[in-house]
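Data file: work-v8.cif. Format and content: mmCIF, C-alpha atoms (C1' of nucleotides).
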data_input
#
loop_
_atom_site.label_atom_id
_atom_site.label_comp_id
_atom_site.auth_asym_id
_atom_site.auth_seq_id
_atom_site.Cartn_x
_atom_site.Cartn_y
_atom_site.Cartn_z
CA MET Y 102 -35.45 34.66 -19.12
CA ALA Y 103 -33.48 37.54 -20.61
CA SER Y 104 -30.31 37.98 -18.62
CA PHE Y 105 -28.02 40.86 -18.20
CA PHE Y 106 -25.23 38.91 -19.73
CA ASP Y 107 -27.15 38.66 -22.94
CA ASN Y 108 -27.02 42.39 -23.13
CA MET Y 109 -23.37 42.45 -22.42
CA ILE Y 110 -22.65 39.95 -25.13
CA ASP Y 111 -25.14 41.58 -27.43
CA SER Y 112 -23.30 44.81 -26.93
CA ALA Y 113 -20.03 43.14 -27.52
CA LEU Y 114 -21.19 41.65 -30.76
CA ILE Y 115 -22.69 44.63 -32.46
CA PRO Y 116 -19.71 46.68 -33.56
CA GLU Y 117 -21.07 50.12 -32.66
CA ARG Y 118 -22.09 48.95 -29.23
CA LEU Y 119 -18.81 47.17 -28.78
CA GLN Y 120 -17.10 50.42 -29.56
CA ALA Y 121 -19.26 52.27 -27.02
CA LEU Y 122 -18.56 49.63 -24.45
CA LYS Y 123 -14.84 49.70 -25.02
CA SER Y 124 -14.60 53.46 -24.83
CA SER Y 125 -16.59 53.45 -21.61
CA MET Y 126 -14.05 51.28 -19.85
CA ILE Y 127 -11.88 53.45 -17.74
CA THR Y 128 -8.30 52.63 -16.97
CA LYS Y 129 -7.29 52.81 -13.35
CA ARG Y 130 -4.22 52.30 -11.23
CA VAL Y 131 -4.48 50.43 -7.97
CA SER Y 132 -1.89 49.73 -5.29
CA LYS Y 133 -0.92 46.43 -3.79
CA GLY Y 134 -3.40 45.64 -1.05
CA ASP Y 135 -6.27 47.74 -2.39
CA ILE Y 136 -9.58 45.96 -2.04
CA LEU Y 137 -11.82 46.36 -5.09
CA LEU Y 138 -14.76 44.17 -4.14
CA ARG Y 139 -16.00 42.66 -0.91
CA LYS Y 140 -18.24 39.69 -0.37
CA GLY Y 141 -21.79 40.97 -0.09
CA ASP Y 142 -21.16 44.03 -2.26
CA ARG Y 143 -23.17 44.34 -5.38
CA ALA Y 144 -20.97 43.08 -8.20
CA GLU Y 145 -21.16 46.23 -10.34
CA LYS Y 146 -17.79 45.85 -12.00
CA THR Y 147 -15.59 43.40 -13.78
CA TYR Y 148 -11.88 44.04 -14.16
CA PHE Y 149 -9.52 43.44 -17.04
CA VAL Y 150 -5.92 43.39 -15.91
CA LYS Y 151 -3.46 45.26 -18.16
CA GLU Y 152 -0.52 45.08 -15.80
CA GLY Y 153 0.07 43.68 -12.35
CA CYS Y 154 -2.01 41.03 -10.63
CA LEU Y 155 -5.33 40.77 -8.83
CA ARG Y 156 -6.86 37.85 -7.00
CA SER Y 157 -10.36 36.81 -5.97
CA TYR Y 158 -11.00 34.84 -2.83
CA THR Y 159 -13.47 33.85 -0.14
CA ILE Y 160 -13.08 33.91 3.61
CA ASP Y 161 -14.62 31.01 5.50
CA GLU Y 162 -16.22 30.97 8.97
CA LYS Y 163 -12.84 30.37 10.59
CA GLY Y 164 -11.41 33.44 8.87
CA LYS Y 165 -9.32 31.43 6.45
CA GLU Y 166 -8.79 32.77 2.94
CA HIS Y 167 -9.32 30.56 -0.10
CA ILE Y 168 -8.06 31.97 -3.37
CA PHE Y 169 -10.43 31.33 -6.21
CA MET Y 170 -8.41 32.90 -8.98
CA PHE Y 171 -5.29 34.81 -9.85
CA ALA Y 172 -5.56 37.40 -12.59
CA PRO Y 173 -2.25 38.57 -14.04
CA GLU Y 174 -1.93 40.52 -17.29
CA GLY Y 175 -4.54 39.63 -19.88
CA TRP Y 176 -7.02 38.07 -17.46
CA MET Y 177 -10.41 39.30 -16.44
CA ILE Y 178 -11.61 38.91 -12.91
CA GLY Y 179 -14.88 39.39 -11.09
CA ASP Y 180 -17.72 37.41 -9.64
CA ILE Y 181 -19.09 36.69 -13.09
CA GLY Y 182 -22.29 35.03 -11.98
CA ALA Y 183 -23.14 37.87 -9.62
CA PHE Y 184 -22.09 40.47 -12.18
CA ALA Y 185 -24.31 38.93 -14.83
CA LYS Y 186 -27.33 38.77 -12.58
CA GLY Y 187 -26.77 41.96 -10.61
CA LYS Y 188 -26.47 40.10 -7.34
CA HIS Y 189 -24.21 40.30 -4.33
CA SER Y 190 -20.71 38.99 -4.66
CA GLU Y 191 -19.51 35.79 -3.07
CA LEU Y 192 -15.94 36.88 -3.55
CA PHE Y 193 -13.44 39.44 -2.41
CA ILE Y 194 -11.11 40.95 -4.96
CA ASP Y 195 -7.89 42.78 -4.20
CA ALA Y 196 -4.61 43.74 -5.81
CA ILE Y 197 -1.59 41.64 -4.90
CA GLU Y 198 0.68 43.88 -6.96
CA ASP Y 199 0.47 47.50 -8.01
CA SER Y 200 -1.70 47.14 -11.08
CA GLU Y 201 -3.23 48.86 -14.04
CA ILE Y 202 -6.73 47.69 -14.79
CA GLU Y 203 -9.67 48.45 -17.02
CA VAL Y 204 -13.02 48.64 -15.32
CA LEU Y 205 -16.19 47.46 -17.01
CA ASN Y 206 -19.25 48.96 -15.36
CA ARG Y 207 -22.45 47.02 -15.19
CA GLU Y 208 -24.56 50.10 -15.79
CA VAL Y 209 -22.70 50.90 -19.00
CA VAL Y 210 -24.04 47.82 -20.65
CA ASN Y 211 -27.49 49.36 -20.53
CA PRO Y 212 -29.93 46.55 -20.10
CA THR Y 213 -32.78 46.60 -22.54
CA ASN Y 214 -34.94 43.56 -23.00
CA VAL Y 215 -33.55 41.11 -25.44
CA PRO Y 216 -34.92 37.67 -26.16
CA ALA Y 217 -33.40 34.98 -24.02
CA HIS Y 218 -30.40 33.24 -25.47
CA GLU Y 219 -30.56 29.85 -23.97
CA ALA Y 220 -26.99 28.82 -24.61
CA ILE Y 221 -25.62 31.96 -23.00
CA GLU Y 222 -27.87 31.68 -19.99
CA LYS Y 223 -26.59 28.20 -19.48
CA LEU Y 224 -22.99 29.20 -20.02
CA VAL Y 225 -23.13 31.86 -17.33
CA ASN Y 226 -24.97 29.55 -15.00
CA ARG Y 227 -22.39 26.90 -15.66
CA ASN Y 228 -19.67 29.30 -14.65
CA TYR Y 229 -21.47 29.98 -11.41
CA VAL Y 230 -21.89 26.30 -10.66
CA LEU Y 231 -18.22 25.57 -11.29
CA GLN Y 232 -17.17 28.49 -9.13
CA LYS Y 233 -19.25 27.25 -6.23
CA ARG Y 234 -17.98 23.72 -6.61
CA ILE Y 235 -14.34 24.83 -6.48
CA ILE Y 236 -14.98 26.92 -3.41
CA MET Y 237 -16.58 23.93 -1.76
CA PHE Y 238 -13.56 21.77 -2.56
CA MET Y 239 -11.26 24.34 -1.01
CA SER Y 240 -13.20 25.24 2.10
CA ALA Y 241 -15.70 22.55 3.05
CA THR Y 242 -15.45 19.14 4.67
CA LEU Y 243 -16.87 16.09 2.95
CA GLN Y 244 -19.93 16.21 5.18
CA GLU Y 245 -20.59 19.84 4.27
CA ARG Y 246 -20.11 19.10 0.59
CA TYR Y 247 -22.56 16.23 0.78
CA LEU Y 248 -25.18 18.25 2.65
CA ASP Y 249 -24.79 21.04 0.13
CA PHE Y 250 -25.18 18.55 -2.69
CA ILE Y 251 -28.45 17.07 -1.44
CA GLU Y 252 -29.75 20.58 -0.85
CA THR Y 253 -28.73 21.84 -4.28
CA TYR Y 254 -29.67 18.72 -6.26
CA PRO Y 255 -32.35 16.92 -4.22
CA ASP Y 256 -33.74 15.29 -7.33
CA ILE Y 257 -30.38 13.88 -8.43
CA VAL Y 258 -29.80 12.28 -5.03
CA GLN Y 259 -32.88 10.16 -5.60
CA ARG Y 260 -32.03 9.25 -9.14
CA VAL Y 261 -28.37 8.26 -9.28
CA PRO Y 262 -26.54 5.52 -7.40
CA GLN Y 263 -24.64 6.63 -4.36
CA LYS Y 264 -21.29 5.70 -5.77
CA MET Y 265 -21.79 8.26 -8.51
CA ILE Y 266 -22.47 10.94 -5.94
CA ALA Y 267 -19.28 9.90 -4.18
CA SER Y 268 -17.47 10.19 -7.50
CA TYR Y 269 -18.90 13.67 -8.02
CA LEU Y 270 -17.86 14.72 -4.53
CA GLY Y 271 -14.35 13.41 -5.12
CA VAL Y 272 -14.35 10.69 -2.47
CA THR Y 273 -14.65 6.92 -2.30
CA PRO Y 274 -18.06 5.25 -1.97
CA GLU Y 275 -17.00 3.92 1.43
CA ALA Y 276 -16.26 7.40 2.74
CA LEU Y 277 -19.63 8.71 1.63
CA SER Y 278 -21.37 5.72 3.14
CA LYS Y 279 -19.75 6.44 6.50
CA ILE Y 280 -20.74 10.10 6.36
CA ARG Y 281 -24.31 9.04 5.72
CA GLY Y 282 -24.10 6.66 8.67
CA ASP Y 283 -22.96 9.49 10.92
CA LEU Y 284 -25.74 11.77 9.70
CA ALA Y 285 -28.35 9.07 10.30
CA LYS Y 286 -27.19 8.64 13.90
CA VAL Y 287 -27.37 12.31 14.75
CA LYS Y 288 -30.87 12.62 13.37
CA MET M 156 -8.42 35.75 -32.15
CA ALA M 157 -11.88 34.97 -33.53
CA SER M 158 -13.22 31.91 -31.79
CA PHE M 159 -15.79 29.42 -32.77
CA PHE M 160 -17.85 30.33 -29.78
CA ASP M 161 -18.22 33.83 -31.10
CA ASN M 162 -19.96 32.38 -34.07
CA MET M 163 -22.15 30.26 -31.95
CA ILE M 164 -23.19 33.19 -29.85
CA ASP M 165 -23.38 35.42 -32.87
CA SER M 166 -25.72 32.93 -34.41
CA ALA M 167 -27.71 32.73 -31.27
CA LEU M 168 -28.10 36.45 -31.10
CA ILE M 169 -29.26 37.24 -34.58
CA PRO M 170 -32.88 36.10 -34.69
CA GLU M 171 -32.79 34.53 -38.13
CA ARG M 172 -29.63 32.66 -37.36
CA LEU M 173 -30.98 31.65 -34.01
CA GLN M 174 -33.97 30.24 -35.79
CA ALA M 175 -31.75 28.32 -38.18
CA LEU M 176 -29.68 27.01 -35.33
CA LYS M 177 -32.69 25.91 -33.35
CA SER M 178 -34.31 24.11 -36.23
CA SER M 179 -31.04 22.33 -36.95
CA MET M 180 -30.96 20.75 -33.53
CA ILE M 181 -32.20 17.24 -33.83
CA THR M 182 -33.97 15.48 -31.02
CA LYS M 183 -32.72 12.05 -30.17
CA ARG M 184 -33.46 9.25 -27.75
CA VAL M 185 -30.65 7.46 -26.00
CA SER M 186 -30.67 4.51 -23.64
CA LYS M 187 -29.15 4.20 -20.23
CA GLY M 188 -25.52 3.31 -20.69
CA ASP M 189 -25.10 4.73 -24.18
CA ILE M 190 -21.81 6.55 -24.55
CA LEU M 191 -22.11 9.80 -26.51
CA LEU M 192 -18.57 11.13 -26.26
CA ARG M 193 -15.23 9.64 -25.34
CA LYS M 194 -12.10 11.32 -24.14
CA GLY M 195 -9.95 12.05 -27.18
CA ASP M 196 -12.88 12.29 -29.56
CA ARG M 197 -13.38 15.57 -31.33
CA ALA M 198 -16.03 17.46 -29.37
CA GLU M 199 -18.39 18.00 -32.30
CA LYS M 200 -21.60 18.12 -30.29
CA THR M 201 -23.16 19.65 -27.26
CA TYR M 202 -26.28 18.16 -25.72
CA PHE M 203 -29.35 19.76 -24.23
CA VAL M 204 -31.26 17.37 -22.02
CA LYS M 205 -35.04 17.43 -22.39
CA GLU M 206 -35.72 14.37 -20.31
CA GLY M 207 -33.58 11.87 -18.44
CA CYS M 208 -30.04 12.42 -17.24
CA LEU M 209 -26.54 12.42 -18.71
CA ARG M 210 -23.20 12.74 -16.98
CA SER M 211 -19.71 13.78 -17.99
CA TYR M 212 -16.65 12.27 -16.36
CA THR M 213 -12.96 11.52 -16.63
CA ILE M 214 -11.12 8.28 -16.03
CA ASP M 215 -7.75 8.55 -14.31
CA GLU M 216 -4.64 6.43 -14.77
CA LYS M 217 -5.88 3.96 -12.17
CA GLY M 218 -9.12 3.50 -14.07
CA LYS M 219 -11.18 5.42 -11.53
CA GLU M 220 -14.10 7.52 -12.75
CA HIS M 221 -14.53 11.11 -11.61
CA ILE M 222 -17.87 12.67 -12.42
CA PHE M 223 -17.54 16.24 -13.58
CA MET M 224 -21.20 17.03 -14.06
CA PHE M 225 -24.70 15.65 -13.94
CA ALA M 226 -27.14 16.95 -16.53
CA PRO M 227 -30.79 16.29 -15.77
CA GLU M 228 -33.69 17.99 -17.58
CA GLY M 229 -32.93 21.54 -18.62
CA TRP M 230 -29.15 21.25 -18.47
CA MET M 231 -26.67 21.33 -21.28
CA ILE M 232 -23.63 19.11 -21.23
CA GLY M 233 -20.47 18.79 -23.25
CA ASP M 234 -16.80 19.59 -23.08
CA ILE M 235 -17.50 23.26 -23.69
CA GLY M 236 -13.91 24.37 -24.02
CA ALA M 237 -13.14 21.64 -26.53
CA PHE M 238 -16.41 22.23 -28.38
CA ALA M 239 -15.70 25.93 -28.68
CA LYS M 240 -12.21 25.40 -30.01
CA GLY M 241 -12.81 22.25 -32.04
CA LYS M 242 -10.39 20.25 -29.99
CA HIS M 243 -10.36 16.79 -28.49
CA SER M 244 -12.49 16.14 -25.48
CA GLU M 245 -11.11 15.64 -22.00
CA LEU M 246 -14.39 14.11 -20.92
CA PHE M 247 -16.57 11.09 -21.46
CA ILE M 248 -20.32 11.59 -21.66
CA ASP M 249 -22.91 8.90 -21.25
CA ALA M 250 -26.56 8.48 -20.36
CA ILE M 251 -27.33 7.33 -16.84
CA GLU M 252 -31.04 7.16 -17.61
CA ASP M 253 -32.97 6.62 -20.82
CA SER M 254 -33.03 10.18 -22.10
CA GLU M 255 -34.34 12.53 -24.71
CA ILE M 256 -31.80 15.07 -25.84
CA GLU M 257 -31.27 17.80 -28.39
CA VAL M 258 -28.01 17.72 -30.24
CA LEU M 259 -26.22 20.88 -31.28
CA ASN M 260 -23.75 20.18 -34.05
CA ARG M 261 -20.58 22.15 -34.27
CA GLU M 262 -20.68 22.23 -38.05
CA VAL M 263 -24.17 23.76 -38.03
CA VAL M 264 -22.86 26.92 -36.52
CA ASN M 265 -20.93 27.53 -39.70
CA PRO M 266 -17.77 29.34 -38.73
CA THR M 267 -17.10 32.45 -40.73
CA ASN M 268 -14.59 34.94 -39.55
CA VAL M 269 -15.96 37.38 -37.05
CA PRO M 270 -14.02 39.96 -35.10
CA ALA M 271 -12.80 38.73 -31.75
CA HIS M 272 -14.99 39.41 -28.80
CA GLU M 273 -12.66 39.65 -25.93
CA ALA M 274 -15.16 39.10 -23.14
CA ILE M 275 -16.50 35.94 -24.73
CA GLU M 276 -13.06 34.55 -25.41
CA LYS M 277 -12.27 35.01 -21.78
CA LEU M 278 -15.55 33.55 -20.63
CA VAL M 279 -15.01 30.35 -22.56
CA ASN M 280 -11.44 30.13 -21.44
CA ARG M 281 -12.56 30.67 -17.88
CA ASN M 282 -14.92 27.74 -18.20
CA TYR M 283 -12.07 25.57 -19.36
CA VAL M 284 -9.82 26.65 -16.52
CA LEU M 285 -12.49 25.95 -13.92
CA GLN M 286 -13.23 22.56 -15.44
CA LYS M 287 -9.61 21.55 -15.26
CA ARG M 288 -9.26 22.77 -11.71
CA ILE M 289 -12.24 20.72 -10.54
CA ILE M 290 -10.92 17.61 -12.24
CA MET M 291 -7.59 18.14 -10.50
CA PHE M 292 -9.30 18.45 -7.12
CA MET M 293 -11.13 15.19 -7.74
CA SER M 294 -8.37 13.09 -9.19
CA ALA M 295 -4.94 14.42 -8.32
CA THR M 296 -2.77 14.36 -5.21
CA LEU M 297 -1.48 17.58 -3.74
CA GLN M 298 1.90 16.98 -5.32
CA GLU M 299 0.36 16.53 -8.75
CA ARG M 300 -1.77 19.64 -8.33
CA TYR M 301 1.28 21.66 -7.36
CA LEU M 302 3.35 20.39 -10.27
CA ASP M 303 0.49 21.16 -12.61
CA PHE M 304 0.23 24.64 -11.14
CA ILE M 305 3.87 25.55 -11.67
CA GLU M 306 3.66 24.19 -15.18
CA THR M 307 0.48 26.05 -16.03
CA TYR M 308 1.34 29.32 -14.28
CA PRO M 309 5.14 29.50 -14.10
CA ASP M 310 5.04 33.29 -13.92
CA ILE M 311 2.63 33.37 -11.00
CA VAL M 312 4.80 31.00 -8.99
CA GLN M 313 7.53 33.61 -9.07
CA ARG M 314 5.31 36.53 -8.23
CA VAL M 315 3.07 35.52 -5.37
CA PRO M 316 3.94 34.35 -1.87
CA GLN M 317 3.86 30.65 -1.35
CA LYS M 318 1.05 30.78 1.14
CA MET M 319 -1.21 32.19 -1.55
CA ILE M 320 -0.40 29.28 -3.82
CA ALA M 321 -1.23 26.95 -0.95
CA SER M 322 -4.51 28.80 -0.53
CA TYR M 323 -5.24 28.40 -4.25
CA LEU M 324 -4.45 24.70 -4.09
CA GLY M 325 -6.74 24.28 -1.10
CA VAL M 326 -4.11 23.23 1.43
CA THR M 327 -2.22 24.76 4.33
CA PRO M 328 1.11 26.56 3.79
CA GLU M 329 2.80 23.87 5.88
CA ALA M 330 1.56 21.08 3.63
CA LEU M 331 2.79 22.85 0.51
CA SER M 332 6.14 23.53 2.12
CA LYS M 333 6.56 19.82 2.85
CA ILE M 334 5.68 18.85 -0.69
CA ARG M 335 8.31 21.27 -1.94
CA GLY M 336 10.79 19.75 0.48
CA ASP M 337 10.07 16.29 -0.93
CA LEU M 338 10.44 17.49 -4.51
CA ALA M 339 13.76 19.17 -3.72
CA LYS M 340 15.13 15.91 -2.29
CA VAL M 341 14.21 13.80 -5.30
CA LYS M 342 15.83 16.23 -7.68
"C1'" DC S 248 -33.23 -19.56 -7.07
"C1'" DG S 249 -28.44 -17.84 -7.70
"C1'" DT S 250 -25.30 -14.28 -9.03
"C1'" DG S 251 -23.23 -9.87 -9.18
"C1'" DG S 252 -23.41 -5.08 -8.24
"C1'" DA S 253 -24.36 -1.65 -4.55
"C1'" DG S 254 -23.99 -0.33 -0.06
"C1'" DT S 255 -22.32 -0.94 4.74
"C1'" DT S 256 -18.97 -1.80 8.25
"C1'" DG S 257 -14.39 -2.59 10.30
"C1'" DA S 258 -9.15 -2.60 10.59
"C1'" DA S 259 -4.96 -0.85 9.03
"C1'" DT S 260 -2.68 2.76 6.60
"C1'" DA S 261 -1.61 7.27 4.41
"C1'" DC S 262 -1.99 12.00 4.02
"C1'" DG S 263 -3.02 16.62 5.28
"C1'" DA S 264 -4.36 19.64 9.37
"C1'" DT S 265 -3.07 21.51 13.49
"C1'" DC S 266 0.04 23.17 16.85
"C1'" DA S 267 4.48 24.57 18.07
"C1'" DA S 268 9.24 25.92 17.53
"C1'" DC S 269 12.56 28.05 14.88
"C1'" DA S 270 15.33 30.21 10.87
"C1'" DC S 271 15.39 33.87 7.64
"C1'" DC S 272 14.92 38.01 5.72
"C1'" DG S 273 13.04 43.06 4.84
"C1'" DG S 274 11.63 47.01 6.59
"C1'" DT S 275 11.07 50.51 10.24
"C1'" DG S 276 12.35 53.33 13.80
"C1'" DG S 277 15.68 54.46 17.28
"C1'" DC U 51 23.57 52.07 10.71
"C1'" DC U 52 21.99 48.69 13.37
"C1'" DA U 53 18.56 46.39 16.31
"C1'" DC U 54 14.28 44.86 16.43
"C1'" DC U 55 10.10 43.06 14.87
"C1'" DG U 56 6.59 40.86 12.03
"C1'" DG U 57 5.67 38.13 8.39
"C1'" DT U 58 7.09 34.09 5.56
"C1'" DG U 59 8.61 29.68 5.12
"C1'" DT U 60 10.50 25.29 7.15
"C1'" DT U 61 10.44 21.32 10.09
"C1'" DG U 62 8.73 18.02 13.58
"C1'" DA U 63 5.06 15.65 16.58
"C1'" DT U 64 0.51 14.52 17.02
"C1'" DC U 65 -4.23 14.08 15.60
"C1'" DG U 66 -8.12 13.45 12.53
"C1'" DT U 67 -10.12 12.22 8.29
"C1'" DA U 68 -10.28 9.75 4.00
"C1'" DT U 69 -8.18 5.68 1.53
"C1'" DT U 70 -7.45 1.03 0.96
"C1'" DC U 71 -8.51 -3.66 1.54
"C1'" DA U 72 -11.59 -7.05 3.06
"C1'" DA U 73 -15.75 -9.23 4.58
"C1'" DC U 74 -20.56 -9.30 4.64
"C1'" DT U 75 -25.63 -8.03 3.54
"C1'" DC U 76 -29.16 -7.01 0.51
"C1'" DC U 77 -31.61 -6.67 -3.45
"C1'" DA U 78 -32.57 -6.55 -8.50
"C1'" DC U 79 -32.33 -9.15 -12.37
"C1'" DG U 80 -31.07 -12.97 -14.96
#

Show the structure stored in the file as structure tokens.
Amino acid sequence: MASFFDNMIDSALIPERLQALKSSMITKRVSKGDILLRKGDRAEKTYFVKEGCLRSYTIDEKGKEHIFMFAPEGWMIGDIGAFAKGKHSELFIDAIEDSEIEVLNREVVNPTNVPAHEAIEKLVNRNYVLQKRIIMFMSATLQERYLDFIETYPDIVQRVPQKMIASYLGVTPEALSKIRGDLAKVK
Amino acid sequence: MASFFDNMIDSALIPERLQALKSSMITKRVSKGDILLRKGDRAEKTYFVKEGCLRSYTIDEKGKEHIFMFAPEGWMIGDIGAFAKGKHSELFIDAIEDSEIEVLNREVVNPTNVPAHEAIEKLVNRNYVLQKRIIMFMSATLQERYLDFIETYPDIVQRVPQKMIASYLGVTPEALSKIRGDLAKVK
DNA sequence: CGTGGAGTTGAATACGATCAACACCGGTGG
DNA sequence: CCACCGGTGTTGATCGTATTCAACTCCACG
């Protein structure tokens, strides 16, 4: 259950390690248009913006961009869930202005085993869940959102009334009912 | 810059304090329909669900509920941003099944001053930002989302092309342009 | 039994997407 | 220096999808 993020936070909390971590962060200049991370890349870095502006975004099947986040001065940006777990990024990141950034490397926060910290695990996971939900709102149709929901939370579908699922998906109960009708026909 | 959440995580990371924190969490049974938190209440507690299911939600001006999150077994639920900062909750929380939960009290994690931990600050803030964005997607019209955006990020509005703002809001550039046209007329 | 909430279905309406045309720069190359 | 071009933003017409309102069914629970 120990996660990478535990180590990161651990490091951040113990002053000496925090110091080591801070001094390891290199400052870098990037030009408008530079791509720092692509979907599918391992999320090895997280960026802290000192000056300028970055953005993270997805590209859907039709080639349309959906901006997940802007990061002007003072913001951090990265695919946090993927960074924490050492997985592949869902997001692209690029510079929309010439920028000065600090780069936090995943490898710097050398992962040693630390007991699981339940609250932190859940906090990172929560971030991931929210990120996915926002991307779904921006890029998916109601039908896709519903299919994703029953895939992701098959247990909840059984347990809560349909109108609550509609409420979660951001649509009226009637609309969800009709989508379900359509799906039943096709099947 | 020291935040409450630092203390929470600090506590969670130092084994003795973790122990203290864990033993302070009381287990409680709640019945379907019980309301645990109301919008406007101070967010003094966060809940860990052992059995059953809770939900968090908002109620808009028209009285319509928008479910932000379901929390079945193994999930934690609360207005994390408000809990971390000791502010008033944006969310309601109630039980949608008879449930057994563990209650983490804000006061238990006794806040002493600890140096700021930049990454954690940003992580909590990020959570808050994502939460708000999802609620806007569920409950607000495009016009409201746009007005909220220019209020929340007045600097970004000036700096990025309009089509990127449309992309962030989850609509086409044409739709945003028309909304702006409408707003200009009214003024 | 009956009653009320949940879900379905249909008709009318509203809102954003799509497609297309055009105006307005800002930059590049002739 | 100017002409051209591509990208950005605006506007209009049409189409599709979700909302709203209403009627009806079906249970679950009193």

Near chain M, which residues of chain U fall within 9 Å when you count all atoms listed in the file, and what do they look like as a PDB file with C-alpha atoms (C1' of nucleotides), in the coordinates of the input?
ATOM      1  C1'  DT U  58       7.090  34.090   5.560  1.00  0.00           C
ATOM      2  C1'  DG U  59       8.610  29.680   5.120  1.00  0.00           C
ATOM      3  C1'  DT U  60      10.500  25.290   7.150  1.00  0.00           C
ATOM      4  C1'  DT U  61      10.440  21.320  10.090  1.00  0.00           C
TER       5       DT U  61
END

Where does the PyMOL selection byres ((chain M) within 6 of (chain Y)) land in this file, that is, which residues does it pick, as a short mmCIF file (atom, residue, chain, number, x, y, z; two decimals) with C-alpha atoms, keeping the file's coordinate frame?
data_model
loop_
_atom_site.label_atom_id
_atom_site.label_comp_id
_atom_site.auth_asym_id
_atom_site.auth_seq_id
_atom_site.Cartn_x
_atom_site.Cartn_y
_atom_site.Cartn_z
CA HIS M 221 -14.53 11.11 -11.61
CA ILE M 222 -17.87 12.67 -12.42
CA MET M 293 -11.13 15.19 -7.74
CA SER M 322 -4.51 28.80 -0.53
CA TYR M 323 -5.24 28.40 -4.25
CA GLY M 325 -6.74 24.28 -1.10
#

| query | Taking all atoms listed in the file into account, what are the residues of chain S at most 12 Å from chain Y, put as a list in words? | reply | DG252, DA253, DG254, DT255, DT256 and DG257 of chain S

| field | Contacts of Lys140 of chain Y within 10 Å, all atoms listed in the file, excl. fewer than 5 positions in-chain, as a PyMOL selection string | value | chain Y and resi 158-160+180+189-194

| task | Enter the distance from atom CA of Glu145 of chain Y to atom CA of Gly236 of chain M, in Å, rounded to one decimal. | result |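 Computing the Euclidean distance for atom CA of Glu145 of chain Y and atom CA of Gly236 of chain M yields 26.8 Å.
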
| Can you tell me how far atom CA of Thr307 of chain M sits from atom CA of Ala241 of chain Y, in Å to one decimal? |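 We find that atom CA of Thr307 of chain M and atom CA of Ala241 of chain Y lie 25.3 Å from each other.
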
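Note that atom CA of Arg130 of chain Y and atom C1' of DG273 of chain S are 25.3 Å apart.
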
| field | Point (4.5, 20.7, -3.7), cut-off 10 Å, counting all atoms listed in the file, residues as a count of residues only | value | 23

| Long-range neighbours of DC55 of chain U as a PyMOL selection string, 12 Å cut-off, all atoms listed in the file, 2 positions minimum in chain | (chain S and resi 272-276) or (chain U and resi 53+57)

Taking all listed atoms of segment 274-289 of chain M, build the axis-aligned box, pad each of the six sides by 5 Å, then write its centre and edge lengths in Å to one decimal as JSON.
{"center_x": -12.9, "center_y": 29.9, "center_z": -18.0, "size_x": 17.2, "size_y": 28.4, "size_z": 24.9}
